[in-house]
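Undergrad: Input structure: data.cif, which contains mmCIF, N, CA and C atoms.
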data_entry
loop_
_atom_site.group_PDB
_atom_site.id
_atom_site.type_symbol
_atom_site.label_atom_id
_atom_site.label_comp_id
_atom_site.auth_asym_id
_atom_site.auth_seq_id
_atom_site.Cartn_x
_atom_site.Cartn_y
_atom_site.Cartn_z
ATOM 1 N N MET W 23 -5.387 38.856 0.858
ATOM 2 C CA MET W 23 -5.438 38.520 -0.558
ATOM 3 C C MET W 23 -4.464 37.375 -0.810
ATOM 4 N N TYR W 24 -4.908 36.412 -1.566
ATOM 5 C CA TYR W 24 -4.092 35.260 -1.926
ATOM 6 C C TYR W 24 -3.815 35.281 -3.421
ATOM 7 N N LYS W 25 -2.673 34.753 -3.792
ATOM 8 C CA LYS W 25 -2.352 34.551 -5.204
ATOM 9 C C LYS W 25 -2.224 33.048 -5.398
ATOM 10 N N PHE W 26 -3.145 32.466 -6.172
ATOM 11 C CA PHE W 26 -3.155 31.028 -6.413
ATOM 12 C C PHE W 26 -2.536 30.714 -7.768
ATOM 13 N N HIS W 27 -1.775 29.634 -7.801
ATOM 14 C CA HIS W 27 -1.218 29.111 -9.045
ATOM 15 C C HIS W 27 -1.904 27.771 -9.284
ATOM 16 N N PHE W 28 -2.791 27.744 -10.266
ATOM 17 C CA PHE W 28 -3.571 26.543 -10.575
ATOM 18 C C PHE W 28 -3.013 25.844 -11.803
ATOM 19 N N VAL W 29 -3.268 24.540 -11.877
ATOM 20 C CA VAL W 29 -3.051 23.767 -13.087
ATOM 21 C C VAL W 29 -4.402 23.150 -13.420
ATOM 22 N N THR W 30 -4.916 23.421 -14.620
ATOM 23 C CA THR W 30 -6.232 22.919 -15.017
ATOM 24 C C THR W 30 -6.150 21.445 -15.414
ATOM 25 N N LYS W 31 -7.311 20.836 -15.607
ATOM 26 C CA LYS W 31 -7.369 19.437 -16.038
ATOM 27 C C LYS W 31 -6.682 19.239 -17.381
ATOM 28 N N LYS W 32 -6.628 20.294 -18.189
ATOM 29 C CA LYS W 32 -5.957 20.235 -19.493
ATOM 30 C C LYS W 32 -4.456 20.494 -19.378
ATOM 31 N N GLY W 33 -3.973 20.746 -18.160
ATOM 32 C CA GLY W 33 -2.547 20.976 -17.947
ATOM 33 C C GLY W 33 -2.112 22.421 -18.123
ATOM 34 N N GLU W 34 -3.066 23.340 -18.262
ATOM 35 C CA GLU W 34 -2.729 24.759 -18.418
ATOM 36 C C GLU W 34 -2.504 25.394 -17.053
ATOM 37 N N ARG W 35 -1.504 26.279 -16.970
ATOM 38 C CA ARG W 35 -1.239 27.014 -15.733
ATOM 39 C C ARG W 35 -2.031 28.309 -15.723
ATOM 40 N N LYS W 36 -2.657 28.610 -14.581
ATOM 41 C CA LYS W 36 -3.395 29.863 -14.414
ATOM 42 C C LYS W 36 -3.065 30.434 -13.044
ATOM 43 N N THR W 37 -2.877 31.744 -12.983
ATOM 44 C CA THR W 37 -2.643 32.438 -11.719
ATOM 45 C C THR W 37 -3.814 33.379 -11.483
ATOM 46 N N LEU W 38 -4.438 33.247 -10.317
ATOM 47 C CA LEU W 38 -5.587 34.075 -9.972
ATOM 48 C C LEU W 38 -5.414 34.643 -8.568
ATOM 49 N N ASN W 39 -5.851 35.880 -8.381
ATOM 50 C CA ASN W 39 -5.914 36.476 -7.054
ATOM 51 C C ASN W 39 -7.260 36.133 -6.439
ATOM 52 N N TYR W 40 -7.273 35.978 -5.107
ATOM 53 C CA TYR W 40 -8.505 35.598 -4.430
ATOM 54 C C TYR W 40 -8.508 36.194 -3.037
ATOM 55 N N GLU W 41 -9.669 36.663 -2.594
ATOM 56 C CA GLU W 41 -9.813 37.196 -1.247
ATOM 57 C C GLU W 41 -10.929 36.431 -0.544
ATOM 58 N N LEU W 42 -10.621 35.881 0.634
ATOM 59 C CA LEU W 42 -11.629 35.178 1.415
ATOM 60 C C LEU W 42 -12.612 36.186 1.996
ATOM 61 N N SER W 43 -13.899 35.830 2.007
ATOM 62 C CA SER W 43 -14.901 36.703 2.592
ATOM 63 C C SER W 43 -16.024 35.853 3.172
ATOM 64 N N GLY W 44 -16.845 36.452 4.004
ATOM 65 C CA GLY W 44 -17.971 35.756 4.609
ATOM 66 C C GLY W 44 -17.771 35.589 6.108
ATOM 67 N N GLU W 45 -18.694 34.838 6.712
ATOM 68 C CA GLU W 45 -18.633 34.583 8.149
ATOM 69 C C GLU W 45 -17.723 33.391 8.428
ATOM 70 N N ASN W 46 -17.078 33.409 9.586
ATOM 71 C CA ASN W 46 -16.222 32.305 10.033
ATOM 72 C C ASN W 46 -15.141 31.944 9.015
ATOM 73 N N VAL W 47 -14.499 32.948 8.478
ATOM 74 C CA VAL W 47 -13.437 32.739 7.487
ATOM 75 C C VAL W 47 -12.191 32.216 8.182
ATOM 76 N N ARG W 48 -11.630 31.141 7.636
ATOM 77 C CA ARG W 48 -10.378 30.578 8.152
ATOM 78 C C ARG W 48 -9.269 30.882 7.152
ATOM 79 N N PRO W 49 -8.216 31.541 7.597
ATOM 80 C CA PRO W 49 -7.114 31.815 6.677
ATOM 81 C C PRO W 49 -6.446 30.514 6.229
ATOM 82 N N LEU W 50 -5.949 30.526 5.013
ATOM 83 C CA LEU W 50 -5.231 29.369 4.473
ATOM 84 C C LEU W 50 -3.787 29.407 4.930
ATOM 85 N N LYS W 51 -3.223 28.226 5.156
ATOM 86 C CA LYS W 51 -1.819 28.148 5.543
ATOM 87 C C LYS W 51 -0.943 28.398 4.332
ATOM 88 N N LYS W 52 0.171 29.071 4.561
ATOM 89 C CA LYS W 52 1.115 29.373 3.488
ATOM 90 C C LYS W 52 1.612 28.071 2.855
ATOM 91 N N ASN W 53 1.703 28.057 1.534
ATOM 92 C CA ASN W 53 2.186 26.921 0.746
ATOM 93 C C ASN W 53 1.302 25.688 0.843
ATOM 94 N N SER W 54 0.026 25.858 1.217
ATOM 95 C CA SER W 54 -0.888 24.715 1.229
ATOM 96 C C SER W 54 -1.396 24.455 -0.194
ATOM 97 N N PHE W 55 -1.953 23.289 -0.396
ATOM 98 C CA PHE W 55 -2.485 22.911 -1.699
ATOM 99 C C PHE W 55 -3.998 22.991 -1.636
ATOM 100 N N VAL W 56 -4.587 23.588 -2.682
ATOM 101 C CA VAL W 56 -6.038 23.747 -2.726
ATOM 102 C C VAL W 56 -6.577 23.267 -4.064
ATOM 103 N N LYS W 57 -7.848 22.918 -4.041
ATOM 104 C CA LYS W 57 -8.571 22.537 -5.240
ATOM 105 C C LYS W 57 -9.732 23.506 -5.372
ATOM 106 N N ALA W 58 -10.036 23.925 -6.603
ATOM 107 C CA ALA W 58 -11.127 24.871 -6.816
ATOM 108 C C ALA W 58 -11.648 24.755 -8.243
ATOM 109 N N ASP W 59 -12.895 25.141 -8.425
ATOM 110 C CA ASP W 59 -13.431 25.316 -9.772
ATOM 111 C C ASP W 59 -13.153 26.763 -10.147
ATOM 112 N N ILE W 60 -12.528 26.957 -11.306
ATOM 113 C CA ILE W 60 -12.159 28.314 -11.710
ATOM 114 C C ILE W 60 -12.651 28.603 -13.124
ATOM 115 N N SER W 61 -12.831 29.892 -13.392
ATOM 116 C CA SER W 61 -13.098 30.351 -14.748
ATOM 117 C C SER W 61 -11.820 31.026 -15.229
ATOM 118 N N ASP W 62 -11.883 31.712 -16.350
ATOM 119 C CA ASP W 62 -10.696 32.408 -16.841
ATOM 120 C C ASP W 62 -10.276 33.557 -15.928
ATOM 121 N N LYS W 63 -11.229 34.108 -15.138
ATOM 122 C CA LYS W 63 -10.926 35.306 -14.370
ATOM 123 C C LYS W 63 -11.127 35.184 -12.871
ATOM 124 N N ARG W 64 -11.773 34.091 -12.392
ATOM 125 C CA ARG W 64 -12.036 34.043 -10.956
ATOM 126 C C ARG W 64 -12.224 32.619 -10.450
ATOM 127 N N VAL W 65 -12.205 32.493 -9.119
ATOM 128 C CA VAL W 65 -12.514 31.229 -8.462
ATOM 129 C C VAL W 65 -14.041 31.141 -8.371
ATOM 130 N N VAL W 66 -14.617 30.092 -8.931
ATOM 131 C CA VAL W 66 -16.070 29.930 -8.960
ATOM 132 C C VAL W 66 -16.549 29.184 -7.716
ATOM 133 N N GLU W 67 -15.835 28.129 -7.341
ATOM 134 C CA GLU W 67 -16.201 27.345 -6.161
ATOM 135 C C GLU W 67 -14.936 26.891 -5.457
ATOM 136 N N GLY W 68 -14.924 26.991 -4.137
ATOM 137 C CA GLY W 68 -13.738 26.642 -3.364
ATOM 138 C C GLY W 68 -13.057 27.925 -2.938
ATOM 139 N N PRO W 69 -11.841 27.876 -2.570
ATOM 140 C CA PRO W 69 -10.866 26.786 -2.618
ATOM 141 C C PRO W 69 -11.035 25.841 -1.430
ATOM 142 N N TYR W 70 -10.680 24.582 -1.653
ATOM 143 C CA TYR W 70 -10.708 23.561 -0.626
ATOM 144 C C TYR W 70 -9.285 23.058 -0.408
ATOM 145 N N ILE W 71 -8.853 23.004 0.840
ATOM 146 C CA ILE W 71 -7.515 22.504 1.145
ATOM 147 C C ILE W 71 -7.475 20.998 0.906
ATOM 148 N N ILE W 72 -6.424 20.543 0.217
ATOM 149 C CA ILE W 72 -6.240 19.121 -0.052
ATOM 150 C C ILE W 72 -4.813 18.717 0.311
ATOM 151 N N SER W 73 -4.599 17.440 0.462
ATOM 152 C CA SER W 73 -3.279 16.916 0.772
ATOM 153 C C SER W 73 -2.445 16.810 -0.497
ATOM 154 N N LYS W 74 -1.163 17.107 -0.384
ATOM 155 C CA LYS W 74 -0.256 17.011 -1.526
ATOM 156 C C LYS W 74 -0.246 15.592 -2.093
ATOM 157 N N SER W 75 -0.437 14.593 -1.241
ATOM 158 C CA SER W 75 -0.396 13.194 -1.687
ATOM 159 C C SER W 75 -1.547 12.831 -2.626
ATOM 160 N N THR W 76 -2.595 13.655 -2.685
ATOM 161 C CA THR W 76 -3.725 13.386 -3.585
ATOM 162 C C THR W 76 -3.530 13.988 -4.972
ATOM 163 N N ILE W 77 -2.431 14.721 -5.146
ATOM 164 C CA ILE W 77 -2.182 15.409 -6.416
ATOM 165 C C ILE W 77 -1.217 14.579 -7.263
ATOM 166 N N PRO W 78 -1.569 14.302 -8.516
ATOM 167 C CA PRO W 78 -0.674 13.535 -9.382
ATOM 168 C C PRO W 78 0.680 14.242 -9.563
ATOM 169 N N ASP W 79 1.740 13.439 -9.719
ATOM 170 C CA ASP W 79 3.101 13.982 -9.854
ATOM 171 C C ASP W 79 3.234 14.948 -11.030
ATOM 172 N N ASN W 80 2.543 14.683 -12.148
ATOM 173 C CA ASN W 80 2.663 15.576 -13.299
ATOM 174 C C ASN W 80 2.081 16.959 -12.999
ATOM 175 N N ILE W 81 1.111 17.039 -12.118
ATOM 176 C CA ILE W 81 0.543 18.342 -11.726
ATOM 177 C C ILE W 81 1.506 19.038 -10.758
ATOM 178 N N ILE W 82 2.055 18.304 -9.812
ATOM 179 C CA ILE W 82 3.030 18.883 -8.861
ATOM 180 C C ILE W 82 4.199 19.479 -9.658
ATOM 181 N N TYR W 83 4.665 18.765 -10.652
ATOM 182 C CA TYR W 83 5.777 19.250 -11.478
ATOM 183 C C TYR W 83 5.445 20.594 -12.125
ATOM 184 N N LYS W 84 4.208 20.749 -12.611
ATOM 185 C CA LYS W 84 3.821 22.008 -13.256
ATOM 186 C C LYS W 84 3.646 23.149 -12.275
ATOM 187 N N LEU W 85 3.467 22.838 -11.001
ATOM 188 C CA LEU W 85 3.310 23.883 -9.994
ATOM 189 C C LEU W 85 4.647 24.466 -9.545
ATOM 190 N N LYS W 86 5.735 23.793 -9.857
ATOM 191 C CA LYS W 86 7.060 24.266 -9.428
ATOM 192 C C LYS W 86 7.544 25.405 -10.290
#
Translate this file's structure into structure tokens.
TA:
Amino acid sequence: MYKFHFVTKKGERKTLNYELSGENVRPLKKNSFVKADISDKRVVEGPYIISKSTIPDNIIYKLK
């Protein structure tokens, strides 16, 4: 089980729990950065691992 801390396009912080499932599941590395489409209660699509360098500084600041 993972606990994700997201920042939405509107700058809102959301924390969601997520469990990987399916065939050929690869565990995520601790403290990695991911991008996902989310609703108020769940991850809709993703998560996809992304590089920290692709994330704007104002979003990184909100994740701290």
Undergrad: Tell me which protein, DNA and RNA residues are within 9 Å of Gly68 in chain W, counting only C-alpha atoms, leaving out same-chain ones fewer than 5 positions away, and put them as a list of chain:residue names.
TA: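 Near neighbours after the sequence-gap exclusion: W:Val56, W:Lys57, W:Ala58, W:Asp59, W:Ile60.
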Undergrad: Which one of W:Lys63, W:Asn80, W:Ile72, W:Met23 sits closest to Thr37 in chain W if you count all atoms listed in the file?
TA: W:Lys63
Undergrad: Can you turn the PyMOL selection byres ((chain W and resi 40-42) around 8) into a concrete residue list for this file, as a short mmCIF file (atom, residue, chain, number, x, y, z; two decimals) with N, CA and C atoms, in the coordinates of the input?
TA:
data_model
loop_
_atom_site.label_atom_id
_atom_site.label_comp_id
_atom_site.auth_asym_id
_atom_site.auth_seq_id
_atom_site.Cartn_x
_atom_site.Cartn_y
_atom_site.Cartn_z
N MET W 23 -5.39 38.86 0.86
CA MET W 23 -5.44 38.52 -0.56
C MET W 23 -4.46 37.38 -0.81
N TYR W 24 -4.91 36.41 -1.57
CA TYR W 24 -4.09 35.26 -1.93
C TYR W 24 -3.82 35.28 -3.42
N LYS W 25 -2.67 34.75 -3.79
CA LYS W 25 -2.35 34.55 -5.20
C LYS W 25 -2.22 33.05 -5.40
N PHE W 26 -3.14 32.47 -6.17
CA PHE W 26 -3.16 31.03 -6.41
C PHE W 26 -2.54 30.71 -7.77
N THR W 37 -2.88 31.74 -12.98
CA THR W 37 -2.64 32.44 -11.72
C THR W 37 -3.81 33.38 -11.48
N LEU W 38 -4.44 33.25 -10.32
CA LEU W 38 -5.59 34.08 -9.97
C LEU W 38 -5.41 34.64 -8.57
N ASN W 39 -5.85 35.88 -8.38
CA ASN W 39 -5.91 36.48 -7.05
C ASN W 39 -7.26 36.13 -6.44
N SER W 43 -13.90 35.83 2.01
CA SER W 43 -14.90 36.70 2.59
C SER W 43 -16.02 35.85 3.17
N GLY W 44 -16.84 36.45 4.00
CA GLY W 44 -17.97 35.76 4.61
C GLY W 44 -17.77 35.59 6.11
N GLU W 45 -18.69 34.84 6.71
CA GLU W 45 -18.63 34.58 8.15
C GLU W 45 -17.72 33.39 8.43
N VAL W 47 -14.50 32.95 8.48
CA VAL W 47 -13.44 32.74 7.49
C VAL W 47 -12.19 32.22 8.18
N ARG W 48 -11.63 31.14 7.64
CA ARG W 48 -10.38 30.58 8.15
C ARG W 48 -9.27 30.88 7.15
N PRO W 49 -8.22 31.54 7.60
CA PRO W 49 -7.11 31.82 6.68
C PRO W 49 -6.45 30.51 6.23
N ARG W 64 -11.77 34.09 -12.39
CA ARG W 64 -12.04 34.04 -10.96
C ARG W 64 -12.22 32.62 -10.45
N VAL W 65 -12.20 32.49 -9.12
CA VAL W 65 -12.51 31.23 -8.46
C VAL W 65 -14.04 31.14 -8.37
#
Undergrad: Distance CA of Thr30 in chain W-CA of Asp79 in chain W, one decimal place?
TA: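 Going from CA of Thr30 in chain W over to CA of Asp79 in chain W, I get 13.9 Å.
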Undergrad: Which residues in chain W does DSSP call strand (DSSP E)? List them as a PyMOL selection string.
TA: chain W and resi 24-29+35-40+55-60+65-72
Undergrad: For the alpha helix (DSSP H) assignment from backbone DSSP, which residues of chain W qualify? Please present them as a ChimeraX atom specification.
TA: /W:79-85
Undergrad: Could you jot down the CA of Ile82 in chain W to CA of His27 in chain W separation for me, Å, one decimal place?
TA: 11.1 Å
Undergrad: Using all atoms listed in the file, pick whichever of W:Lys74, W:Arg35, W:Glu67, W:Tyr83 has the shortest atom-to-atom distance to Phe55 in chain W.
TA: W:Lys74
Undergrad: Using Å and a single decimal, report how far CA of Asn46 in chain W sits from CA of Val29 in chain W.
TA: 27.9 Å
Undergrad: Compare W:Lys84, W:Phe28, W:Ile71, W:Thr76 by their minimum atom-to-atom distance to Ser54 in chain W, counting only N, CA and C atoms, and give me the closest one.
TA: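 Closest candidate: W:Ile71.
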